[in-house]
Amino acid sequence: MYALRKLEDGPGLSLEKETPRPPIGSRDVLIQVTHAGICGTDRHIYEWDKWSQNRVKVGITTGHEFVGEVVEVGEAVTRISTGQRVSAEGHITCGYCYQCRTGNAHICETVEIIGIDRDGCFAEYIAIPEENVWPVHEKISDSVAAVFDPLGNAVHTVMTPGVSGKTVLITGVGTIGLMAVGVAKAAGASKIFAVDVDRRRLELAKHLGADLALHSIEDDWIESLQKETGGRGADVLLEMCGHPTVINQGFTALANGGQASLLGIPSGEISIDLSKQIIFKGVTIYGINGRRMFDTWYQMESLLISGKLNIDPIITHQLPMEEFQRGFELMQKGEAIKVVLNIPQTF
Ligand SMILES: [Zn+2]
Ligand SMILES: [Zn+2]
């Protein structure tokens with residue numbers, strides 16, 4: 001089968017045409033992938049940055065966001081059958097550790113992530129445990145189902161503090177930040193502020209429901225936000241960029257007693273005045289990792305099929321898998337927001 005693999009300890013990916021189909025265990029299903037999203041994480045692996053060098057195994061098939069059709073099931077599989085259109089939770093959890101057994105599988109101690117720790121979905125076929133499979137509702141398009149993984153990150157980030165009737169500040173409107181704008185709007189935020197350095201993304205944030213979209217360097221955005229919230233600051237901060245300065249600014253713009261969901265990953269240690277920014281303000285902070293299994297998935301599906309959430313404008317490009325390099329280049333140049341690859345069906 002075709003597969004996009006990391007074969008060298010250096011930048012780039014190889015499109016292999018003779019990769020063996022993945023074998024399936026008794027509890028696994030085999031999915032023929034039709035569409036797969038390119039993620040910022042894949043870009044790190046493509047560019048082979050420090051994080052990838054330390055984390056990703058050379059020889060792996062990349063990709064972790066997808067939709068496809070079930071073509072084979074293991075003998076112990078009972079609930080999923082061939083022919084179903086499915087996506088899947090890409091975090092393969094152990095099912096037995098303390099976190100898994102107490103409703104926190106998203107922070108399983110021995111999690112394996114597809115496309116990072118084990119073979120992923122930039123391939124014609126992927127094998128995945130039955131319990132990870134998510135049948136896709138008929139009202140949801142293939143391109144949207146292909147990006148459930150990052151959309152789930154956005155839903156998890158928004159739903160953890162809860163935003164109904166609250167003012168919400170989103171720092172960083174990359175793909176997940178933009179998705180979070182739509183989710184916060186659908187979930188009933190009273191006012192949404194988006195901050196970024198890219199004017200085009202800020203325009204899109206407005207289109208998706210942001211009331212105020214401000215440039216983080218050129219605009220005096222904290223002052224504008226204070227004005228719009230009666231001097232109180234935002235009730236909720238959704239941190240999506242990981243930049244130390246912006247993280248500090250986000251806490252400055254957060255109201256006393258506010259809640260902060262942190263999803264953006266800083267590249268190293270950062271410095272913050274804990275007493276001033278968090279302790280004396282009485283702030284609650286949530287670290288957000290992955291998607292809650294499967295609370296987040298049910299919430300995401302409900303928002304999409306209700307018609308309240310539409311993320312189509314975020315998916316700017318769909319390309320055949322052979323043009324994966326162009327997909328990465330479009331992302332590097334900032335021309336694309338979300339790129340979805342169409343996977344060839346050669347068999
Ligand atoms: Zn992703
Ligand atoms: Zn576990």
# chains A, B, ... in the order shown; residues from 1 in each chain; ligands from 1
>>> select_by_dssp(residues="segment 250-316 of chain A", states="helix (DSSP H, G or I)", output="list in words")
Gly250, Phe251, Thr252, Leu274, Ser275, Lys276, Gln277, Ile278, Ile279, Asp295, Thr296, Trp297, Tyr298, Gln299, Met300, Glu301, Ser302, Leu303, Leu304, Ile305, Asp312, Pro313 and Ile314 of chain A
>>> residues_near_ligand(ligand="ligand 2", cutoff="6 Å", atoms="only C-alpha atoms and all ligand atoms", output="PyMOL selection string")
chain A and resi 93-97+99-100+105+108-110
>>> write_last_selection(atoms="C-alpha atoms", output="PDB file, in the first residue's frame")
ATOM      1  CA  THR A  93      -4.531   3.899  25.934  1.00  0.00           C
ATOM      2  CA  CYS A  94      -3.700   0.936  28.158  1.00  0.00           C
ATOM      3  CA  GLY A  95      -7.155   0.589  29.738  1.00  0.00           C
ATOM      4  CA  TYR A  96      -5.662  -0.609  33.023  1.00  0.00           C
ATOM      5  CA  CYS A  97      -3.730   2.245  34.658  1.00  0.00           C
ATOM      6  CA  GLN A  99      -6.033   7.247  34.929  1.00  0.00           C
ATOM      7  CA  CYS A 100      -7.686   4.913  32.423  1.00  0.00           C
ATOM      8  CA  ALA A 105      -7.807   7.927  29.803  1.00  0.00           C
ATOM      9  CA  CYS A 108      -3.025   7.505  30.375  1.00  0.00           C
ATOM     10  CA  GLU A 109       0.439   6.867  31.742  1.00  0.00           C
ATOM     11  CA  THR A 110       1.499   4.688  28.805  1.00  0.00           C
TER      12      THR A 110
END
>>> closest_atom_pairs(of="segment 217-284 of chain A", to="segment 169-187 of chain A", cutoff="9 Å", atoms="only C-alpha atoms", output="tab-separated table")
residue	atom	partner	partner_atom	distance
A:Leu225	CA	A:Leu169	CA	8.6
A:Ala234	CA	A:Leu169	CA	6.1
A:Asp235	CA	A:Leu169	CA	7.9
A:Val236	CA	A:Leu169	CA	6.2
A:Leu237	CA	A:Leu169	CA	4.9
A:Leu238	CA	A:Ile170	CA	4.8
A:Glu239	CA	A:Thr171	CA	5.1
A:Met240	CA	A:Gly172	CA	5.0
A:Cys241	CA	A:Gly172	CA	4.7
A:Gly242	CA	A:Gly172	CA	8.4
A:Val246	CA	A:Thr171	CA	7.1
A:Ile247	CA	A:Thr171	CA	7.9
A:Gly250	CA	A:Thr171	CA	6.9
A:Ala253	CA	A:Leu169	CA	8.2
A:Leu254	CA	A:Leu169	CA	8.0
A:Gly264	CA	A:Gly172	CA	8.3
>>> closest_residue(among="A:Gly188, A:Gly233, A:Gly37, A:Gly162", to="ligand 1", atoms="only C-alpha atoms and all ligand atoms")
A:Gly37
>>> residues_near_ligand(ligand="ligand 1", cutoff="12 Å", atoms="only C-alpha atoms and all ligand atoms", output="PyMOL selection string")
chain A and resi 36-45+62-66+89-91+113-116+120-121+146-154+175-176+289-291+338-340
>>> select_by_dssp(residues="segment 149-232 of chain A", states="strand (DSSP E or B)", output="list of chain:residue names")
A:Thr167, A:Val168, A:Leu169, A:Ile170, A:Thr171, A:Lys191, A:Ile192, A:Phe193, A:Ala194, A:Val195, A:Asp196, A:Leu212, A:Ala213, A:Leu214, A:His215
>>> closest_residue(among="A:Gln32, A:Gln299, A:Ser26, A:Ser306", to="Val158 of chain A", atoms="only C-alpha atoms")
A:Gln299
>>> residues_around(residues="Arg5 of chain A", least_positions_apart="3", cutoff="12 Å", atoms="only C-alpha atoms", output="ChimeraX atom specification")
/A:1-2,8-9,11-19,42,45-46,56-63,115-116,118-123,324
>>> atom_distance(atom1="atom CA of Gln277 of chain A", atom2="atom CA of Ala210 of chain A")
24.9 Å
>>> atom_distance(atom1="atom CA of Gly74 of chain A", atom2="atom CA of Asp28 of chain A")
5.4 Å
>>> residues_around(residues="segment 126-129 of chain A", least_positions_apart="2", cutoff="6 Å", atoms="only C-alpha atoms", output="PyMOL selection string")
chain A and resi 24+27-31+121+131-132
>>> closest_residue(among="A:Leu319, A:Val67, A:Ala213, A:Ile305", to="Ser143 of chain A", atoms="only C-alpha atoms")
A:Val67
>>> closest_residue(among="A:Thr167, A:Asn248, A:Thr34, A:Thr78", to="Ile192 of chain A", atoms="only C-alpha atoms")
A:Thr167
>>> atom_distance(atom1="atom CA of Glu124 of chain A", atom2="atom CA of Thr82 of chain A")
15.7 Å
